Amino acid sequence: MSEMPRDIETAEMTETKISASKVQVYYGDTHAIKDVSVDIEARAVTAFIGPSGCGKSTFLRCLNRMNDTIDICRVEGDIKIDDEDIYDPKVDPVQLRAKVGMVFQKPNPFPKSIYDNVAYGPRIHGLTRKKSELDEVVASSLQKAGLWNEVKDRLDGPGTGLSGGQQQRLCIARAIAVSPEVILMDEPCSALDPIATAKVEELIDELRANFTIVIVTHSMQQAARVSQQTAFFHMGNLVEVGATQDIFTNPQDKRTQDYITGRFG
Ligand SMILES: Nc1ncnc2c1ncn2[C@@H]1O[C@H](COP(=O)(O)OP(=O)(O)OP(=O)(O)O)[C@@H](O)[C@H]1O
């Protein structure tokens, strides 16, 4: 039995990795994210759910400054990762995106070999000194992504020659190869069949031991299966955030309840 006082125990269990405060996002005149504040737990999976167009992907892209690449997009407010302001002019977005990796809806391997896909990040960031070290990073990233056994005999083959589910796990291996702390996933299973989806979900569950994961999903079943924390967005507002089990069994806001019971969305 734990001897730890309850409040200390709870504080340790919910270490915050990302803290967003009063975030606004505009695309030109469109106010896409409205005053969103949320803490994202370290080494856990947080799911962003909500109806189409509610701002899930926009908010996700704020977390590694991917919105910087959209000309008409303007982000205001504070986002800190481990207490560092990621919008500080001192922060190099390229370095930030190594620390906060991203996996997209459609698997997007580079037109290169499986090996070179995974080696790409470590090479451009100069993370390894010799070929044997790079080999080791490639192998361990593919192992962590649950793909090693399927590709170890064809590392020189093209990444695009893999099945859709394998390609998505290759993209996850590519993200892992630069040792990120956070992995953002924007509907990572929407292009996959149920078996490939199950494998990626299993992988997400394993990865949360070492990474902070934020996943946008249209599937409430998926959010319930893979996440520990769920945030419900509606029309640019963050309506409710909390433990996944509480959001799905005891939502506090009528809009959350209507969404999870399928009344809209
Ligand atoms: N590049 C862009 N330029 C202009 N408006 C955009 C852009 N990207 C998103 N928006 C607008 O911002 C709002 C939020 O879109 P976003 O894609 O973040 O929602 P979402 O919840 O992820 O939607 P979905 O579930 O359909 O992917 C929408 O009104 C959308 O039209």
# chains A, B, ... in the order shown; residues from 1 in each chain; ligands from 1

$ closest_atom_pairs --of "chain A" --to "ligand 1" --cutoff "6 Å" --atoms "only C-alpha atoms and all ligand atoms" --output "CSV"
residue,atom,partner,partner_atom_place_in_ligand_line,distance
A:Tyr27,CA,ligand 1,4 (C),5.0
A:Ala32,CA,ligand 1,12 (O),4.7
A:Pro51,CA,ligand 1,25 (O),6.0
A:Ser52,CA,ligand 1,26 (O),3.5
A:Gly53,CA,ligand 1,19 (O),3.5
A:Cys54,CA,ligand 1,21 (O),3.9
A:Gly55,CA,ligand 1,18 (O),3.3
A:Lys56,CA,ligand 1,21 (O),4.0
A:Ser57,CA,ligand 1,22 (O),3.7
A:Thr58,CA,ligand 1,18 (O),3.6

$ residues_around --residues "stretch 113-129 of chain A" --least-positions-apart "3" --cutoff "6 Å" --atoms "only C-alpha atoms" --output "PyMOL selection string"
chain A and resi 133-134+138+155-159+174+178

$ closest_atom_pairs --of "stretch 20-108 of chain A" --to "stretch 210-233 of chain A" --cutoff "10 Å" --atoms "only C-alpha atoms" --output "JSON lines"
{"residue": "A:Ile33", "atom": "CA", "partner": "A:Phe233", "partner_atom": "CA", "distance": 9.3}
{"residue": "A:Val36", "atom": "CA", "partner": "A:Phe233", "partner_atom": "CA", "distance": 9.5}
{"residue": "A:Val38", "atom": "CA", "partner": "A:Ala231", "partner_atom": "CA", "distance": 8.6}
{"residue": "A:Ile40", "atom": "CA", "partner": "A:Gln229", "partner_atom": "CA", "distance": 8.1}
{"residue": "A:Glu41", "atom": "CA", "partner": "A:Thr212", "partner_atom": "CA", "distance": 7.1}
{"residue": "A:Ala42", "atom": "CA", "partner": "A:Thr212", "partner_atom": "CA", "distance": 5.1}
{"residue": "A:Arg43", "atom": "CA", "partner": "A:Thr212", "partner_atom": "CA", "distance": 4.3}
{"residue": "A:Ala44", "atom": "CA", "partner": "A:Thr212", "partner_atom": "CA", "distance": 5.4}
{"residue": "A:Val45", "atom": "CA", "partner": "A:Ser227", "partner_atom": "CA", "distance": 4.6}
{"residue": "A:Thr46", "atom": "CA", "partner": "A:Gln229", "partner_atom": "CA", "distance": 4.6}
{"residue": "A:Ala47", "atom": "CA", "partner": "A:Thr230", "partner_atom": "CA", "distance": 4.7}
{"residue": "A:Phe48", "atom": "CA", "partner": "A:Val216", "partner_atom": "CA", "distance": 4.7}
{"residue": "A:Ile49", "atom": "CA", "partner": "A:Phe232", "partner_atom": "CA", "distance": 5.0}
{"residue": "A:Gly50", "atom": "CA", "partner": "A:Phe233", "partner_atom": "CA", "distance": 4.9}
{"residue": "A:Pro51", "atom": "CA", "partner": "A:Phe233", "partner_atom": "CA", "distance": 7.6}
{"residue": "A:Ser52", "atom": "CA", "partner": "A:His218", "partner_atom": "CA", "distance": 8.1}
{"residue": "A:Gly53", "atom": "CA", "partner": "A:Phe233", "partner_atom": "CA", "distance": 9.5}
{"residue": "A:Cys54", "atom": "CA", "partner": "A:Phe233", "partner_atom": "CA", "distance": 5.9}
{"residue": "A:Gly55", "atom": "CA", "partner": "A:Phe233", "partner_atom": "CA", "distance": 6.9}
{"residue": "A:Lys56", "atom": "CA", "partner": "A:Val216", "partner_atom": "CA", "distance": 6.4}
{"residue": "A:Ser57", "atom": "CA", "partner": "A:Val216", "partner_atom": "CA", "distance": 6.7}
{"residue": "A:Phe59", "atom": "CA", "partner": "A:Phe233", "partner_atom": "CA", "distance": 9.7}
{"residue": "A:Leu60", "atom": "CA", "partner": "A:Val216", "partner_atom": "CA", "distance": 7.6}
{"residue": "A:Leu63", "atom": "CA", "partner": "A:Val214", "partner_atom": "CA", "distance": 9.5}
{"residue": "A:Val100", "atom": "CA", "partner": "A:Thr212", "partner_atom": "CA", "distance": 9.2}
{"residue": "A:Gly101", "atom": "CA", "partner": "A:Ile213", "partner_atom": "CA", "distance": 9.6}
{"residue": "A:Met102", "atom": "CA", "partner": "A:Val214", "partner_atom": "CA", "distance": 9.5}
{"residue": "A:Val103", "atom": "CA", "partner": "A:Ile215", "partner_atom": "CA", "distance": 9.3}
{"residue": "A:Phe104", "atom": "CA", "partner": "A:Val216", "partner_atom": "CA", "distance": 9.9}
{"residue": "A:Gln105", "atom": "CA", "partner": "A:Val216", "partner_atom": "CA", "distance": 9.4}

$ select_by_dssp --residues "stretch 35-122 of chain A" --states "alpha helix (DSSP H)" --output "ChimeraX atom specification"
/A:56-62,93-99,114-122

$ atom_distance --atom1 "atom CA of A:Ala191" --atom2 "atom CA of A:Gly164"
7.5 Å

$ select_by_dssp --residues "stretch 88-167 of chain A" --states "strand (DSSP E or B)" --output "ChimeraX atom specification"
/A:100-103,113,158

$ write_last_selection --atoms "N, CA and C atoms" --output "PDB file, in the first residue's frame"
ATOM      1  N   VAL A 100       9.237  17.925 -30.999  1.00  0.00           N
ATOM      2  CA  VAL A 100       7.797  17.682 -31.067  1.00  0.00           C
ATOM      3  C   VAL A 100       7.486  17.165 -32.475  1.00  0.00           C
ATOM      4  N   GLY A 101       7.579  15.847 -32.637  1.00  0.00           N
ATOM      5  CA  GLY A 101       7.420  15.235 -33.954  1.00  0.00           C
ATOM      6  C   GLY A 101       5.957  15.161 -34.361  1.00  0.00           C
ATOM      7  N   MET A 102       5.743  14.862 -35.634  1.00  0.00           N
ATOM      8  CA  MET A 102       4.362  14.832 -36.113  1.00  0.00           C
ATOM      9  C   MET A 102       4.135  13.688 -37.090  1.00  0.00           C
ATOM     10  N   VAL A 103       2.981  13.070 -36.979  1.00  0.00           N
ATOM     11  CA  VAL A 103       2.571  11.998 -37.894  1.00  0.00           C
ATOM     12  C   VAL A 103       1.223  12.430 -38.479  1.00  0.00           C
ATOM     13  N   SER A 113      14.639   4.836 -49.575  1.00  0.00           N
ATOM     14  CA  SER A 113      14.576   3.488 -49.003  1.00  0.00           C
ATOM     15  C   SER A 113      14.020   3.557 -47.572  1.00  0.00           C
ATOM     16  N   PRO A 158      12.097   0.403 -51.214  1.00  0.00           N
ATOM     17  CA  PRO A 158      11.458   1.717 -51.079  1.00  0.00           C
ATOM     18  C   PRO A 158      10.403   1.746 -49.965  1.00  0.00           C
TER      19      PRO A 158
END

$ atom_distance --atom1 "atom CA of A:Asn64" --atom2 "atom CA of A:Val91"
10.9 Å

$ residues_around --residues "stretch 142-152 of chain A" --least-positions-apart "4" --cutoff "10 Å" --atoms "only C-alpha atoms" --output "mmCIF file with N, CA and C atoms, in the first residue's frame"
data_model
loop_
_atom_site.group_PDB
_atom_site.id
_atom_site.type_symbol
_atom_site.label_atom_id
_atom_site.label_comp_id
_atom_site.auth_asym_id
_atom_site.auth_seq_id
_atom_site.Cartn_x
_atom_site.Cartn_y
_atom_site.Cartn_z
ATOM 1 N N ILE A 114 13.618 2.381 -47.072
ATOM 2 C CA ILE A 114 13.124 2.301 -45.691
ATOM 3 C C ILE A 114 14.209 2.833 -44.748
ATOM 4 N N TYR A 115 15.446 2.380 -44.959
ATOM 5 C CA TYR A 115 16.564 2.816 -44.121
ATOM 6 C C TYR A 115 16.702 4.343 -44.158
ATOM 7 N N VAL A 118 14.159 6.478 -42.216
ATOM 8 C CA VAL A 118 14.357 6.568 -40.759
ATOM 9 C C VAL A 118 15.643 7.337 -40.439
ATOM 10 N N GLU A 136 22.256 1.577 -35.727
ATOM 11 C CA GLU A 136 21.643 1.260 -34.436
ATOM 12 C C GLU A 136 20.368 2.086 -34.215
ATOM 13 N N VAL A 137 20.430 3.387 -34.548
ATOM 14 C CA VAL A 137 19.259 4.257 -34.382
ATOM 15 C C VAL A 137 18.129 3.800 -35.308
ATOM 16 N N VAL A 138 18.493 3.447 -36.545
ATOM 17 C CA VAL A 138 17.473 3.000 -37.506
ATOM 18 C C VAL A 138 16.810 1.722 -36.990
ATOM 19 N N ASP A 156 16.758 -1.746 -47.802
ATOM 20 C CA ASP A 156 17.107 -0.951 -48.991
ATOM 21 C C ASP A 156 15.928 -0.781 -49.938
ATOM 22 N N GLY A 157 14.826 -1.467 -49.652
ATOM 23 C CA GLY A 157 13.642 -1.348 -50.508
ATOM 24 C C GLY A 157 12.939 -0.024 -50.260
ATOM 25 N N GLY A 159 10.380 2.850 -49.219
ATOM 26 C CA GLY A 159 9.374 3.021 -48.162
ATOM 27 C C GLY A 159 7.972 3.006 -48.743
ATOM 28 N N LEU A 162 5.741 -0.326 -49.071
ATOM 29 C CA LEU A 162 5.102 -0.998 -47.933
ATOM 30 C C LEU A 162 3.582 -0.806 -47.984
ATOM 31 N N GLY A 165 -0.540 0.527 -43.678
ATOM 32 C CA GLY A 165 -0.306 0.438 -42.230
ATOM 33 C C GLY A 165 1.181 0.406 -41.914
ATOM 34 N N GLN A 166 1.939 -0.320 -42.759
ATOM 35 C CA GLN A 166 3.394 -0.366 -42.553
ATOM 36 C C GLN A 166 3.996 1.019 -42.818
ATOM 37 N N GLN A 167 3.489 1.701 -43.843
ATOM 38 C CA GLN A 167 4.000 3.050 -44.140
ATOM 39 C C GLN A 167 3.764 3.989 -42.950
ATOM 40 N N GLN A 168 2.582 3.846 -42.317
ATOM 41 C CA GLN A 168 2.309 4.733 -41.189
ATOM 42 C C GLN A 168 3.256 4.409 -40.028
ATOM 43 N N ARG A 169 3.538 3.104 -39.816
ATOM 44 C CA ARG A 169 4.492 2.762 -38.749
ATOM 45 C C ARG A 169 5.908 3.211 -39.119
ATOM 46 N N LEU A 170 6.206 3.224 -40.439
ATOM 47 C CA LEU A 170 7.507 3.767 -40.879
ATOM 48 C C LEU A 170 7.582 5.264 -40.547
ATOM 49 N N CYS A 171 6.478 5.973 -40.767
ATOM 50 C CA CYS A 171 6.462 7.414 -40.453
ATOM 51 C C CYS A 171 6.617 7.635 -38.947
ATOM 52 N N ILE A 172 6.056 6.725 -38.158
ATOM 53 C CA ILE A 172 6.222 6.827 -36.700
ATOM 54 C C ILE A 172 7.687 6.540 -36.343
ATOM 55 N N ALA A 173 8.301 5.538 -37.007
ATOM 56 C CA ALA A 173 9.731 5.248 -36.765
ATOM 57 C C ALA A 173 10.580 6.470 -37.145
ATOM 58 N N ARG A 174 10.229 7.109 -38.247
ATOM 59 C CA ARG A 174 10.979 8.302 -38.698
ATOM 60 C C ARG A 174 10.870 9.421 -37.651
ATOM 61 N N ALA A 175 9.670 9.568 -37.069
ATOM 62 C CA ALA A 175 9.504 10.589 -36.025
ATOM 63 C C ALA A 175 10.318 10.224 -34.777
ATOM 64 N N ILE A 176 10.300 8.945 -34.410
ATOM 65 C CA ILE A 176 10.991 8.494 -33.191
ATOM 66 C C ILE A 176 12.511 8.624 -33.316
ATOM 67 N N ALA A 177 13.024 8.524 -34.556
ATOM 68 C CA ALA A 177 14.479 8.436 -34.766
ATOM 69 C C ALA A 177 15.256 9.648 -34.255
ATOM 70 N N LYS A 199 -3.032 -2.240 -35.011
ATOM 71 C CA LYS A 199 -1.579 -2.276 -34.759
ATOM 72 C C LYS A 199 -1.053 -0.910 -34.360
ATOM 73 N N VAL A 200 -1.523 0.134 -35.053
ATOM 74 C CA VAL A 200 -1.050 1.480 -34.705
ATOM 75 C C VAL A 200 -1.548 1.860 -33.309
ATOM 76 N N GLU A 202 -2.129 -0.177 -30.819
ATOM 77 C CA GLU A 202 -1.293 -0.924 -29.862
ATOM 78 C C GLU A 202 0.052 -0.222 -29.675
ATOM 79 N N LEU A 203 0.587 0.227 -30.810
ATOM 80 C CA LEU A 203 1.874 0.920 -30.787
ATOM 81 C C LEU A 203 1.782 2.206 -29.961
ATOM 82 N N ILE A 204 0.709 2.969 -30.171
ATOM 83 C CA ILE A 204 0.526 4.223 -29.422
ATOM 84 C C ILE A 204 0.525 3.917 -27.926
ATOM 85 N N GLU A 206 2.014 1.487 -26.425
ATOM 86 C CA GLU A 206 3.387 1.187 -25.964
ATOM 87 C C GLU A 206 4.230 2.460 -25.875
ATOM 88 N N LEU A 207 4.045 3.339 -26.857
ATOM 89 C CA LEU A 207 4.901 4.528 -26.928
ATOM 90 C C LEU A 207 4.673 5.487 -25.765
#

$ atom_distance --atom1 "atom CA of A:Val25" --atom2 "atom CA of A:Ser37"
12.4 Å

$ residues_around --residues "A:Thr256" --least-positions-apart "2" --cutoff "9 Å" --atoms "only C-alpha atoms" --output "ChimeraX atom specification"
/A:50,232-234,239-240,247-248,251-254,258-261

$ residues_around --residues "A:Ile79" --least-positions-apart "3" --cutoff "6 Å" --atoms "only C-alpha atoms" --output "JSON, numbers by chain"
{"A": [19, 20, 85]}

$ write_last_selection --atoms "C-alpha atoms" --output "PDB file, in the first residue's frame"
ATOM      1  CA  SER A  19       0.850  24.069 -21.006  1.00  0.00           C
ATOM      2  CA  ALA A  20      -1.246  26.265 -23.310  1.00  0.00           C
ATOM      3  CA  ASP A  85       7.850  29.344 -24.408  1.00  0.00           C
TER       4      ASP A  85
END

$ residues_around --residues "A:Lys22" --least-positions-apart "6" --cutoff "8 Å" --atoms "only C-alpha atoms" --output "PDB file with N, CA and C atoms, in the first residue's frame"
ATOM      1  N   LYS A  34     -10.399  29.791 -29.999  1.00  0.00           N
ATOM      2  CA  LYS A  34     -10.845  30.898 -29.162  1.00  0.00           C
ATOM      3  C   LYS A  34     -10.459  30.691 -27.703  1.00  0.00           C
ATOM      4  N   ASP A  35      -9.388  31.353 -27.315  1.00  0.00           N
ATOM      5  CA  ASP A  35      -9.037  31.429 -25.896  1.00  0.00           C
ATOM      6  C   ASP A  35      -8.900  30.051 -25.244  1.00  0.00           C
ATOM      7  N   VAL A  36      -8.113  29.205 -25.872  1.00  0.00           N
ATOM      8  CA  VAL A  36      -7.979  27.833 -25.365  1.00  0.00           C
ATOM      9  C   VAL A  36      -6.808  27.719 -24.376  1.00  0.00           C
ATOM     10  N   SER A  37      -7.111  27.207 -23.206  1.00  0.00           N
ATOM     11  CA  SER A  37      -6.086  26.918 -22.198  1.00  0.00           C
ATOM     12  C   SER A  37      -6.198  25.445 -21.829  1.00  0.00           C
ATOM     13  N   GLU A  76      -1.850  33.557 -31.202  1.00  0.00           N
ATOM     14  CA  GLU A  76      -1.590  34.412 -30.023  1.00  0.00           C
ATOM     15  C   GLU A  76      -1.741  33.580 -28.759  1.00  0.00           C
ATOM     16  N   GLY A  77      -1.183  34.082 -27.670  1.00  0.00           N
ATOM     17  CA  GLY A  77      -1.276  33.354 -26.393  1.00  0.00           C
ATOM     18  C   GLY A  77       0.050  32.690 -26.068  1.00  0.00           C
ATOM     19  N   ASP A  78       0.030  31.854 -25.048  1.00  0.00           N
ATOM     20  CA  ASP A  78       1.263  31.225 -24.554  1.00  0.00           C
ATOM     21  C   ASP A  78       1.198  29.719 -24.712  1.00  0.00           C
TER      22      ASP A  78
END
